[in-house]
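Source file: coords.cif; contents: mmCIF, N, CA and C atoms.
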data_upload
#
loop_
_atom_site.group_PDB
_atom_site.id
_atom_site.type_symbol
_atom_site.label_atom_id
_atom_site.label_comp_id
_atom_site.auth_asym_id
_atom_site.auth_seq_id
_atom_site.Cartn_x
_atom_site.Cartn_y
_atom_site.Cartn_z
ATOM 1 N N MET A 1 4.480 13.892 -8.373
ATOM 2 C CA MET A 1 3.514 13.726 -7.317
ATOM 3 C C MET A 1 2.220 13.158 -7.904
ATOM 4 N N ALA A 2 1.690 12.162 -7.259
ATOM 5 C CA ALA A 2 0.463 11.526 -7.739
ATOM 6 C C ALA A 2 -0.749 12.419 -7.451
ATOM 7 N N LYS A 3 -1.788 12.210 -8.246
ATOM 8 C CA LYS A 3 -3.011 12.967 -8.015
ATOM 9 C C LYS A 3 -3.624 12.556 -6.682
ATOM 10 N N GLU A 4 -4.286 13.483 -6.051
ATOM 11 C CA GLU A 4 -4.918 13.216 -4.758
ATOM 12 C C GLU A 4 -5.984 12.136 -4.889
ATOM 13 N N SER A 5 -6.639 12.072 -6.039
ATOM 14 C CA SER A 5 -7.679 11.066 -6.234
ATOM 15 C C SER A 5 -7.088 9.659 -6.242
ATOM 16 N N MET A 6 -5.854 9.502 -6.769
ATOM 17 C CA MET A 6 -5.206 8.189 -6.783
ATOM 18 C C MET A 6 -4.847 7.763 -5.362
ATOM 19 N N LYS A 7 -4.342 8.702 -4.582
ATOM 20 C CA LYS A 7 -4.006 8.405 -3.184
ATOM 21 C C LYS A 7 -5.263 8.001 -2.416
ATOM 22 N N ALA A 8 -6.341 8.761 -2.622
ATOM 23 C CA ALA A 8 -7.598 8.503 -1.928
ATOM 24 C C ALA A 8 -8.165 7.139 -2.326
ATOM 25 N N ARG A 9 -8.016 6.786 -3.591
ATOM 26 C CA ARG A 9 -8.520 5.505 -4.075
ATOM 27 C C ARG A 9 -7.803 4.338 -3.399
ATOM 28 N N GLU A 10 -6.488 4.483 -3.235
ATOM 29 C CA GLU A 10 -5.713 3.428 -2.573
ATOM 30 C C GLU A 10 -6.104 3.296 -1.097
ATOM 31 N N VAL A 11 -6.342 4.416 -0.436
ATOM 32 C CA VAL A 11 -6.769 4.395 0.969
ATOM 33 C C VAL A 11 -8.131 3.714 1.087
ATOM 34 N N LYS A 12 -9.022 4.028 0.153
ATOM 35 C CA LYS A 12 -10.362 3.441 0.145
ATOM 36 C C LYS A 12 -10.281 1.924 -0.050
ATOM 37 N N ARG A 13 -9.410 1.488 -0.973
ATOM 38 C CA ARG A 13 -9.241 0.050 -1.211
ATOM 39 C C ARG A 13 -8.691 -0.650 0.023
ATOM 40 N N ALA A 14 -7.734 -0.018 0.703
ATOM 41 C CA ALA A 14 -7.143 -0.628 1.898
ATOM 42 C C ALA A 14 -8.193 -0.788 2.997
ATOM 43 N N LYS A 15 -9.040 0.219 3.183
ATOM 44 C CA LYS A 15 -10.092 0.142 4.195
ATOM 45 C C LYS A 15 -11.094 -0.958 3.859
ATOM 46 N N MET A 16 -11.476 -1.046 2.588
ATOM 47 C CA MET A 16 -12.444 -2.044 2.173
ATOM 48 C C MET A 16 -11.872 -3.450 2.306
ATOM 49 N N CYS A 17 -10.595 -3.591 2.013
ATOM 50 C CA CYS A 17 -9.916 -4.882 2.138
ATOM 51 C C CYS A 17 -9.919 -5.344 3.593
ATOM 52 N N ALA A 18 -9.638 -4.432 4.506
ATOM 53 C CA ALA A 18 -9.629 -4.758 5.929
ATOM 54 C C ALA A 18 -11.040 -5.088 6.431
ATOM 55 N N LYS A 19 -12.026 -4.380 5.910
ATOM 56 C CA LYS A 19 -13.417 -4.573 6.339
ATOM 57 C C LYS A 19 -13.927 -5.973 5.977
ATOM 58 N N TYR A 20 -13.588 -6.440 4.782
ATOM 59 C CA TYR A 20 -14.113 -7.712 4.294
ATOM 60 C C TYR A 20 -13.147 -8.882 4.484
ATOM 61 N N ALA A 21 -12.026 -8.683 5.164
ATOM 62 C CA ALA A 21 -11.014 -9.735 5.300
ATOM 63 C C ALA A 21 -11.564 -10.984 5.989
ATOM 64 N N ALA A 22 -12.269 -10.810 7.093
ATOM 65 C CA ALA A 22 -12.799 -11.957 7.836
ATOM 66 C C ALA A 22 -13.855 -12.701 7.018
ATOM 67 N N LYS A 23 -14.736 -11.946 6.388
ATOM 68 C CA LYS A 23 -15.795 -12.558 5.580
ATOM 69 C C LYS A 23 -15.185 -13.309 4.393
ATOM 70 N N ARG A 24 -14.189 -12.714 3.762
ATOM 71 C CA ARG A 24 -13.514 -13.329 2.627
ATOM 72 C C ARG A 24 -12.840 -14.643 3.042
ATOM 73 N N LYS A 25 -12.201 -14.613 4.213
ATOM 74 C CA LYS A 25 -11.516 -15.813 4.709
ATOM 75 C C LYS A 25 -12.518 -16.937 4.978
ATOM 76 N N ALA A 26 -13.653 -16.594 5.589
ATOM 77 C CA ALA A 26 -14.675 -17.595 5.888
ATOM 78 C C ALA A 26 -15.243 -18.205 4.607
ATOM 79 N N LEU A 27 -15.487 -17.372 3.609
ATOM 80 C CA LEU A 27 -16.025 -17.869 2.345
ATOM 81 C C LEU A 27 -15.029 -18.779 1.639
ATOM 82 N N LYS A 28 -13.748 -18.430 1.707
ATOM 83 C CA LYS A 28 -12.716 -19.263 1.076
ATOM 84 C C LYS A 28 -12.620 -20.625 1.749
ATOM 85 N N GLU A 29 -12.666 -20.639 3.085
ATOM 86 C CA GLU A 29 -12.582 -21.900 3.819
ATOM 87 C C GLU A 29 -13.796 -22.789 3.536
ATOM 88 N N ALA A 30 -14.959 -22.171 3.343
ATOM 89 C CA ALA A 30 -16.175 -22.927 3.049
ATOM 90 C C ALA A 30 -16.218 -23.362 1.583
ATOM 91 N N GLY A 31 -15.385 -22.745 0.755
ATOM 92 C CA GLY A 31 -15.377 -23.081 -0.669
ATOM 93 C C GLY A 31 -16.533 -22.461 -1.429
ATOM 94 N N ASP A 32 -17.072 -21.374 -0.910
ATOM 95 C CA ASP A 32 -18.212 -20.695 -1.530
ATOM 96 C C ASP A 32 -17.704 -19.655 -2.537
ATOM 97 N N TRP A 33 -17.410 -20.105 -3.755
ATOM 98 C CA TRP A 33 -16.844 -19.203 -4.763
ATOM 99 C C TRP A 33 -17.884 -18.217 -5.273
ATOM 100 N N ALA A 34 -19.152 -18.628 -5.295
ATOM 101 C CA ALA A 34 -20.213 -17.718 -5.732
ATOM 102 C C ALA A 34 -20.352 -16.566 -4.729
ATOM 103 N N GLY A 35 -20.212 -16.881 -3.455
ATOM 104 C CA GLY A 35 -20.290 -15.847 -2.417
ATOM 105 C C GLY A 35 -19.124 -14.873 -2.503
ATOM 106 N N LEU A 36 -17.952 -15.410 -2.867
ATOM 107 C CA LEU A 36 -16.779 -14.539 -3.032
ATOM 108 C C LEU A 36 -16.972 -13.557 -4.175
ATOM 109 N N GLN A 37 -17.625 -14.020 -5.237
ATOM 110 C CA GLN A 37 -17.827 -13.151 -6.399
ATOM 111 C C GLN A 37 -18.826 -12.032 -6.110
ATOM 112 N N LYS A 38 -19.657 -12.224 -5.108
ATOM 113 C CA LYS A 38 -20.641 -11.196 -4.761
ATOM 114 C C LYS A 38 -20.033 -10.061 -3.927
ATOM 115 N N LEU A 39 -18.847 -10.298 -3.383
ATOM 116 C CA LEU A 39 -18.174 -9.242 -2.622
ATOM 117 C C LEU A 39 -17.693 -8.148 -3.576
ATOM 118 N N PRO A 40 -17.501 -6.929 -3.069
ATOM 119 C CA PRO A 40 -17.008 -5.848 -3.932
ATOM 120 C C PRO A 40 -15.610 -6.167 -4.482
ATOM 121 N N LYS A 41 -15.347 -5.720 -5.701
ATOM 122 C CA LYS A 41 -14.048 -5.979 -6.335
ATOM 123 C C LYS A 41 -12.904 -5.389 -5.521
ATOM 124 N N ASN A 42 -13.095 -4.192 -5.005
ATOM 125 C CA ASN A 42 -12.020 -3.516 -4.278
ATOM 126 C C ASN A 42 -11.750 -4.107 -2.899
ATOM 127 N N SER A 43 -12.526 -5.108 -2.503
ATOM 128 C CA SER A 43 -12.259 -5.749 -1.213
ATOM 129 C C SER A 43 -11.189 -6.825 -1.337
ATOM 130 N N SER A 44 -10.744 -7.096 -2.547
ATOM 131 C CA SER A 44 -9.712 -8.099 -2.771
ATOM 132 C C SER A 44 -8.327 -7.511 -2.495
ATOM 133 N N PRO A 45 -7.499 -8.218 -1.715
ATOM 134 C CA PRO A 45 -6.156 -7.687 -1.417
ATOM 135 C C PRO A 45 -5.243 -7.631 -2.633
ATOM 136 N N VAL A 46 -5.594 -8.342 -3.694
ATOM 137 C CA VAL A 46 -4.789 -8.328 -4.919
ATOM 138 C C VAL A 46 -4.834 -6.947 -5.575
ATOM 139 N N ARG A 47 -5.892 -6.217 -5.366
ATOM 140 C CA ARG A 47 -6.046 -4.912 -6.015
ATOM 141 C C ARG A 47 -5.274 -3.791 -5.324
ATOM 142 N N LEU A 48 -4.714 -4.072 -4.153
ATOM 143 C CA LEU A 48 -3.929 -3.057 -3.448
ATOM 144 C C LEU A 48 -2.588 -2.859 -4.155
ATOM 145 N N HIS A 49 -2.109 -1.641 -4.133
ATOM 146 C CA HIS A 49 -0.813 -1.332 -4.736
ATOM 147 C C HIS A 49 -0.043 -0.439 -3.776
ATOM 148 N N ASN A 50 1.204 -0.777 -3.518
ATOM 149 C CA ASN A 50 2.015 0.023 -2.597
ATOM 150 C C ASN A 50 2.327 1.375 -3.219
ATOM 151 N N ARG A 51 2.145 2.433 -2.436
ATOM 152 C CA ARG A 51 2.455 3.788 -2.881
ATOM 153 C C ARG A 51 3.215 4.513 -1.778
ATOM 154 N N CYS A 52 4.024 5.472 -2.194
ATOM 155 C CA CYS A 52 4.761 6.312 -1.255
ATOM 156 C C CYS A 52 3.751 7.071 -0.399
ATOM 157 N N SER A 53 3.970 7.074 0.911
ATOM 158 C CA SER A 53 3.028 7.747 1.805
ATOM 159 C C SER A 53 3.131 9.267 1.717
ATOM 160 N N LEU A 54 4.240 9.781 1.201
ATOM 161 C CA LEU A 54 4.415 11.221 1.101
ATOM 162 C C LEU A 54 3.969 11.773 -0.251
ATOM 163 N N THR A 55 4.395 11.132 -1.333
ATOM 164 C CA THR A 55 4.119 11.656 -2.664
ATOM 165 C C THR A 55 3.077 10.865 -3.437
ATOM 166 N N GLY A 56 2.860 9.611 -3.058
ATOM 167 C CA GLY A 56 1.915 8.774 -3.789
ATOM 168 C C GLY A 56 2.532 8.079 -4.982
ATOM 169 N N ARG A 57 3.846 8.150 -5.121
ATOM 170 C CA ARG A 57 4.541 7.532 -6.256
ATOM 171 C C ARG A 57 4.371 6.012 -6.193
ATOM 172 N N PRO A 58 3.920 5.374 -7.320
ATOM 173 C CA PRO A 58 3.681 3.934 -7.295
ATOM 174 C C PRO A 58 4.921 3.086 -7.552
ATOM 175 N N LYS A 59 5.950 3.660 -8.117
ATOM 176 C CA LYS A 59 7.148 2.879 -8.455
ATOM 177 C C LYS A 59 8.302 3.261 -7.546
ATOM 178 N N GLY A 60 9.233 2.344 -7.364
ATOM 179 C CA GLY A 60 10.393 2.612 -6.522
ATOM 180 C C GLY A 60 10.028 2.670 -5.046
ATOM 181 N N TYR A 61 9.083 1.854 -4.636
ATOM 182 C CA TYR A 61 8.579 1.851 -3.260
ATOM 183 C C TYR A 61 9.464 0.980 -2.381
ATOM 184 N N MET A 62 9.831 1.474 -1.203
ATOM 185 C CA MET A 62 10.636 0.712 -0.247
ATOM 186 C C MET A 62 9.728 0.298 0.905
ATOM 187 N N ARG A 63 9.486 -1.006 1.025
ATOM 188 C CA ARG A 63 8.536 -1.521 2.020
ATOM 189 C C ARG A 63 8.928 -1.193 3.448
ATOM 190 N N ILE A 64 10.204 -1.298 3.753
ATOM 191 C CA ILE A 64 10.669 -1.100 5.132
ATOM 192 C C ILE A 64 10.291 0.285 5.641
ATOM 193 N N PHE A 65 10.391 1.289 4.767
ATOM 194 C CA PHE A 65 10.162 2.673 5.176
ATOM 195 C C PHE A 65 8.805 3.217 4.740
ATOM 196 N N GLY A 66 8.173 2.582 3.769
ATOM 197 C CA GLY A 66 6.867 3.029 3.306
ATOM 198 C C GLY A 66 6.913 4.260 2.430
ATOM 199 N N ILE A 67 8.094 4.552 1.861
ATOM 200 C CA ILE A 67 8.253 5.716 0.988
ATOM 201 C C ILE A 67 8.988 5.319 -0.289
ATOM 202 N N SER A 68 8.990 6.209 -1.272
ATOM 203 C CA SER A 68 9.677 5.920 -2.528
ATOM 204 C C SER A 68 11.180 6.141 -2.372
ATOM 205 N N ARG A 69 11.928 5.615 -3.317
ATOM 206 C CA ARG A 69 13.389 5.707 -3.267
ATOM 207 C C ARG A 69 13.865 7.154 -3.314
ATOM 208 N N ILE A 70 13.145 8.001 -4.017
ATOM 209 C CA ILE A 70 13.538 9.403 -4.144
ATOM 210 C C ILE A 70 13.384 10.130 -2.812
ATOM 211 N N GLN A 71 12.236 9.915 -2.154
ATOM 212 C CA GLN A 71 12.011 10.530 -0.848
ATOM 213 C C GLN A 71 12.974 9.972 0.185
ATOM 214 N N PHE A 72 13.267 8.664 0.083
ATOM 215 C CA PHE A 72 14.213 8.046 0.997
ATOM 216 C C PHE A 72 15.579 8.713 0.888
ATOM 217 N N ARG A 73 16.029 8.938 -0.329
ATOM 218 C CA ARG A 73 17.348 9.538 -0.551
ATOM 219 C C ARG A 73 17.408 10.961 0.004
ATOM 220 N N GLU A 74 16.358 11.732 -0.253
ATOM 221 C CA GLU A 74 16.313 13.108 0.254
ATOM 222 C C GLU A 74 16.303 13.138 1.778
ATOM 223 N N MET A 75 15.481 12.301 2.377
ATOM 224 C CA MET A 75 15.378 12.281 3.835
ATOM 225 C C MET A 75 16.656 11.760 4.482
ATOM 226 N N ALA A 76 17.297 10.777 3.843
ATOM 227 C CA ALA A 76 18.547 10.236 4.380
ATOM 228 C C ALA A 76 19.651 11.288 4.316
ATOM 229 N N SER A 77 19.685 12.059 3.250
ATOM 230 C CA SER A 77 20.699 13.104 3.107
ATOM 231 C C SER A 77 20.527 14.198 4.157
ATOM 232 N N LYS A 78 19.271 14.474 4.508
ATOM 233 C CA LYS A 78 18.997 15.503 5.514
ATOM 234 C C LYS A 78 19.118 14.971 6.936
ATOM 235 N N GLY A 79 19.272 13.640 7.070
ATOM 236 C CA GLY A 79 19.393 13.039 8.394
ATOM 237 C C GLY A 79 18.067 12.844 9.103
ATOM 238 N N LEU A 80 16.996 12.718 8.355
ATOM 239 C CA LEU A 80 15.665 12.584 8.946
ATOM 240 C C LEU A 80 15.290 11.140 9.268
ATOM 241 N N ILE A 81 16.059 10.178 8.739
ATOM 242 C CA ILE A 81 15.776 8.766 8.996
ATOM 243 C C ILE A 81 16.808 8.248 9.991
ATOM 244 N N PRO A 82 16.381 7.846 11.190
ATOM 245 C CA PRO A 82 17.335 7.380 12.191
ATOM 246 C C PRO A 82 18.071 6.117 11.760
ATOM 247 N N GLY A 83 19.363 6.103 11.976
ATOM 248 C CA GLY A 83 20.180 4.929 11.665
ATOM 249 C C GLY A 83 20.608 4.823 10.220
ATOM 250 N N VAL A 84 20.229 5.780 9.390
ATOM 251 C CA VAL A 84 20.597 5.743 7.968
ATOM 252 C C VAL A 84 21.500 6.932 7.690
ATOM 253 N N ARG A 85 22.633 6.630 7.045
ATOM 254 C CA ARG A 85 23.575 7.697 6.721
ATOM 255 C C ARG A 85 24.081 7.487 5.303
ATOM 256 N N LYS A 86 24.256 8.562 4.581
ATOM 257 C CA LYS A 86 24.768 8.469 3.222
ATOM 258 C C LYS A 86 26.228 8.021 3.260
ATOM 259 N N ALA A 87 26.544 7.058 2.412
ATOM 260 C CA ALA A 87 27.908 6.554 2.374
ATOM 261 C C ALA A 87 28.846 7.564 1.724
ATOM 262 N N SER A 88 30.037 7.700 2.264
ATOM 263 C CA SER A 88 31.056 8.554 1.640
ATOM 264 C C SER A 88 32.419 8.006 2.011
ATOM 265 N N TRP A 89 33.298 7.911 1.036
ATOM 266 C CA TRP A 89 34.633 7.416 1.294
ATOM 267 C C TRP A 89 35.647 8.055 0.389
#
Rewritten as structure tokens:
Amino acid sequence: MAKESMKAREVKRAKMCAKYAAKRKALKEAGDWAGLQKLPKNSSPVRLHNRCSLTGRPKGYMRIFGISRIQFREMASKGLIPGVRKASW
């Protein structure tokens, strides 16, 4: 399980990225690179990293479900994900 501070940091970056998205786009279209550099570092979408919404695990992330592979397997086995069933033959 990831530290709560890491989860909070990612949430903060996502909010800042959304806040400055329009301004960033306008500066890019105008070609104002100096203006882009004055924006906060965490407002860049490159700094975002996908994390599991339940545990905060940074690796093994499944985009479709927004969770890590480990949580996906546990939830699928318990039948918590609609339309997903563990294979058995």
Mind checking DSSP for chain A and telling me the strand (DSSP E or B) residues as number ranges by chain? A: 61-62, 67-68
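Atom C of Ser53 of chain A lies 28.6 Å from atom CA of Leu39 of chain A.
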Who sits within 9 Å of segment 69-80 of chain A, only C-alpha atoms, same chain under 4 positions skipped, as number ranges by chain: A: 52, 54-55, 59-62, 65, 84-86
Which residue of A:Ala2, A:Ile64, A:Ala14, A:Leu27 approaches Asn42 of chain A most closely, using only N, CA and C atoms: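 Of A:Ala2, A:Ile64, A:Ala14, A:Leu27, the one nearest Asn42 of chain A, counting only N, CA and C atoms, is A:Ala14.
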Can you list, as number ranges by chain, the residues that the PyMOL selection byres (((chain A and resi 6 and name CA) around 12) and name CA) selects here? A: 1-5, 7-13, 48-53, 55-58
For the residues in the current selection, export N, CA and C atoms as a PDB file, in the coordinates of the input.
ATOM      1  N   MET A   1       4.480  13.892  -8.373  1.00  0.00           N
ATOM      2  CA  MET A   1       3.514  13.726  -7.317  1.00  0.00           C
ATOM      3  C   MET A   1       2.220  13.158  -7.904  1.00  0.00           C
ATOM      4  N   ALA A   2       1.690  12.162  -7.259  1.00  0.00           N
ATOM      5  CA  ALA A   2       0.463  11.526  -7.739  1.00  0.00           C
ATOM      6  C   ALA A   2      -0.749  12.419  -7.451  1.00  0.00           C
ATOM      7  N   LYS A   3      -1.788  12.210  -8.246  1.00  0.00           N
ATOM      8  CA  LYS A   3      -3.011  12.967  -8.015  1.00  0.00           C
ATOM      9  C   LYS A   3      -3.624  12.556  -6.682  1.00  0.00           C
ATOM     10  N   GLU A   4      -4.286  13.483  -6.051  1.00  0.00           N
ATOM     11  CA  GLU A   4      -4.918  13.216  -4.758  1.00  0.00           C
ATOM     12  C   GLU A   4      -5.984  12.136  -4.889  1.00  0.00           C
ATOM     13  N   SER A   5      -6.639  12.072  -6.039  1.00  0.00           N
ATOM     14  CA  SER A   5      -7.679  11.066  -6.234  1.00  0.00           C
ATOM     15  C   SER A   5      -7.088   9.659  -6.242  1.00  0.00           C
ATOM     16  N   LYS A   7      -4.342   8.702  -4.582  1.00  0.00           N
ATOM     17  CA  LYS A   7      -4.006   8.405  -3.184  1.00  0.00           C
ATOM     18  C   LYS A   7      -5.263   8.001  -2.416  1.00  0.00           C
ATOM     19  N   ALA A   8      -6.341   8.761  -2.622  1.00  0.00           N
ATOM     20  CA  ALA A   8      -7.598   8.503  -1.928  1.00  0.00           C
ATOM     21  C   ALA A   8      -8.165   7.139  -2.326  1.00  0.00           C
ATOM     22  N   ARG A   9      -8.016   6.786  -3.591  1.00  0.00           N
ATOM     23  CA  ARG A   9      -8.520   5.505  -4.075  1.00  0.00           C
ATOM     24  C   ARG A   9      -7.803   4.338  -3.399  1.00  0.00           C
ATOM     25  N   GLU A  10      -6.488   4.483  -3.235  1.00  0.00           N
ATOM     26  CA  GLU A  10      -5.713   3.428  -2.573  1.00  0.00           C
ATOM     27  C   GLU A  10      -6.104   3.296  -1.097  1.00  0.00           C
ATOM     28  N   VAL A  11      -6.342   4.416  -0.436  1.00  0.00           N
ATOM     29  CA  VAL A  11      -6.769   4.395   0.969  1.00  0.00           C
ATOM     30  C   VAL A  11      -8.131   3.714   1.087  1.00  0.00           C
ATOM     31  N   LYS A  12      -9.022   4.028   0.153  1.00  0.00           N
ATOM     32  CA  LYS A  12     -10.362   3.441   0.145  1.00  0.00           C
ATOM     33  C   LYS A  12     -10.281   1.924  -0.050  1.00  0.00           C
ATOM     34  N   ARG A  13      -9.410   1.488  -0.973  1.00  0.00           N
ATOM     35  CA  ARG A  13      -9.241   0.050  -1.211  1.00  0.00           C
ATOM     36  C   ARG A  13      -8.691  -0.650   0.023  1.00  0.00           C
ATOM     37  N   LEU A  48      -4.714  -4.072  -4.153  1.00  0.00           N
ATOM     38  CA  LEU A  48      -3.929  -3.057  -3.448  1.00  0.00           C
ATOM     39  C   LEU A  48      -2.588  -2.859  -4.155  1.00  0.00           C
ATOM     40  N   HIS A  49      -2.109  -1.641  -4.133  1.00  0.00           N
ATOM     41  CA  HIS A  49      -0.813  -1.332  -4.736  1.00  0.00           C
ATOM     42  C   HIS A  49      -0.043  -0.439  -3.776  1.00  0.00           C
ATOM     43  N   ASN A  50       1.204  -0.777  -3.518  1.00  0.00           N
ATOM     44  CA  ASN A  50       2.015   0.023  -2.597  1.00  0.00           C
ATOM     45  C   ASN A  50       2.327   1.375  -3.219  1.00  0.00           C
ATOM     46  N   ARG A  51       2.145   2.433  -2.436  1.00  0.00           N
ATOM     47  CA  ARG A  51       2.455   3.788  -2.881  1.00  0.00           C
ATOM     48  C   ARG A  51       3.215   4.513  -1.778  1.00  0.00           C
ATOM     49  N   CYS A  52       4.024   5.472  -2.194  1.00  0.00           N
ATOM     50  CA  CYS A  52       4.761   6.312  -1.255  1.00  0.00           C
ATOM     51  C   CYS A  52       3.751   7.071  -0.399  1.00  0.00           C
ATOM     52  N   SER A  53       3.970   7.074   0.911  1.00  0.00           N
ATOM     53  CA  SER A  53       3.028   7.747   1.805  1.00  0.00           C
ATOM     54  C   SER A  53       3.131   9.267   1.717  1.00  0.00           C
ATOM     55  N   THR A  55       4.395  11.132  -1.333  1.00  0.00           N
ATOM     56  CA  THR A  55       4.119  11.656  -2.664  1.00  0.00           C
ATOM     57  C   THR A  55       3.077  10.865  -3.437  1.00  0.00           C
ATOM     58  N   GLY A  56       2.860   9.611  -3.058  1.00  0.00           N
ATOM     59  CA  GLY A  56       1.915   8.774  -3.789  1.00  0.00           C
ATOM     60  C   GLY A  56       2.532   8.079  -4.982  1.00  0.00           C
ATOM     61  N   ARG A  57       3.846   8.150  -5.121  1.00  0.00           N
ATOM     62  CA  ARG A  57       4.541   7.532  -6.256  1.00  0.00           C
ATOM     63  C   ARG A  57       4.371   6.012  -6.193  1.00  0.00           C
ATOM     64  N   PRO A  58       3.920   5.374  -7.320  1.00  0.00           N
ATOM     65  CA  PRO A  58       3.681   3.934  -7.295  1.00  0.00           C
ATOM     66  C   PRO A  58       4.921   3.086  -7.552  1.00  0.00           C
TER      67      PRO A  58
END
What is the atom N of Ile67 of chain A-atom N of Ala22 of chain A distance in Å, reported with one decimal? 26.0 Å
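For the pair atom CA of Lys41 of chain A and atom CA of Lys15 of chain A, the separation is 12.8 Å.
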Using all atoms listed in the file, which of A:Cys17, A:Ser88, A:Glu29, A:Lys23 sits nearest Ser44 of chain A? A:Cys17
Find, counting all atoms listed in the file, the residue in A:Ile81, A:Met16, A:Ala87, A:Ala30 that gets nearest to Ser43 of chain A.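 Using all atoms listed in the file, Ser43 of chain A sits closest to A:Met16.
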Taking the backbone alone, and naming residues the way the document does, which bits of chain A are alpha helix (DSSP H) by DSSP, as a PyMOL selection string? chain A and resi 4-30+33-38+69-78
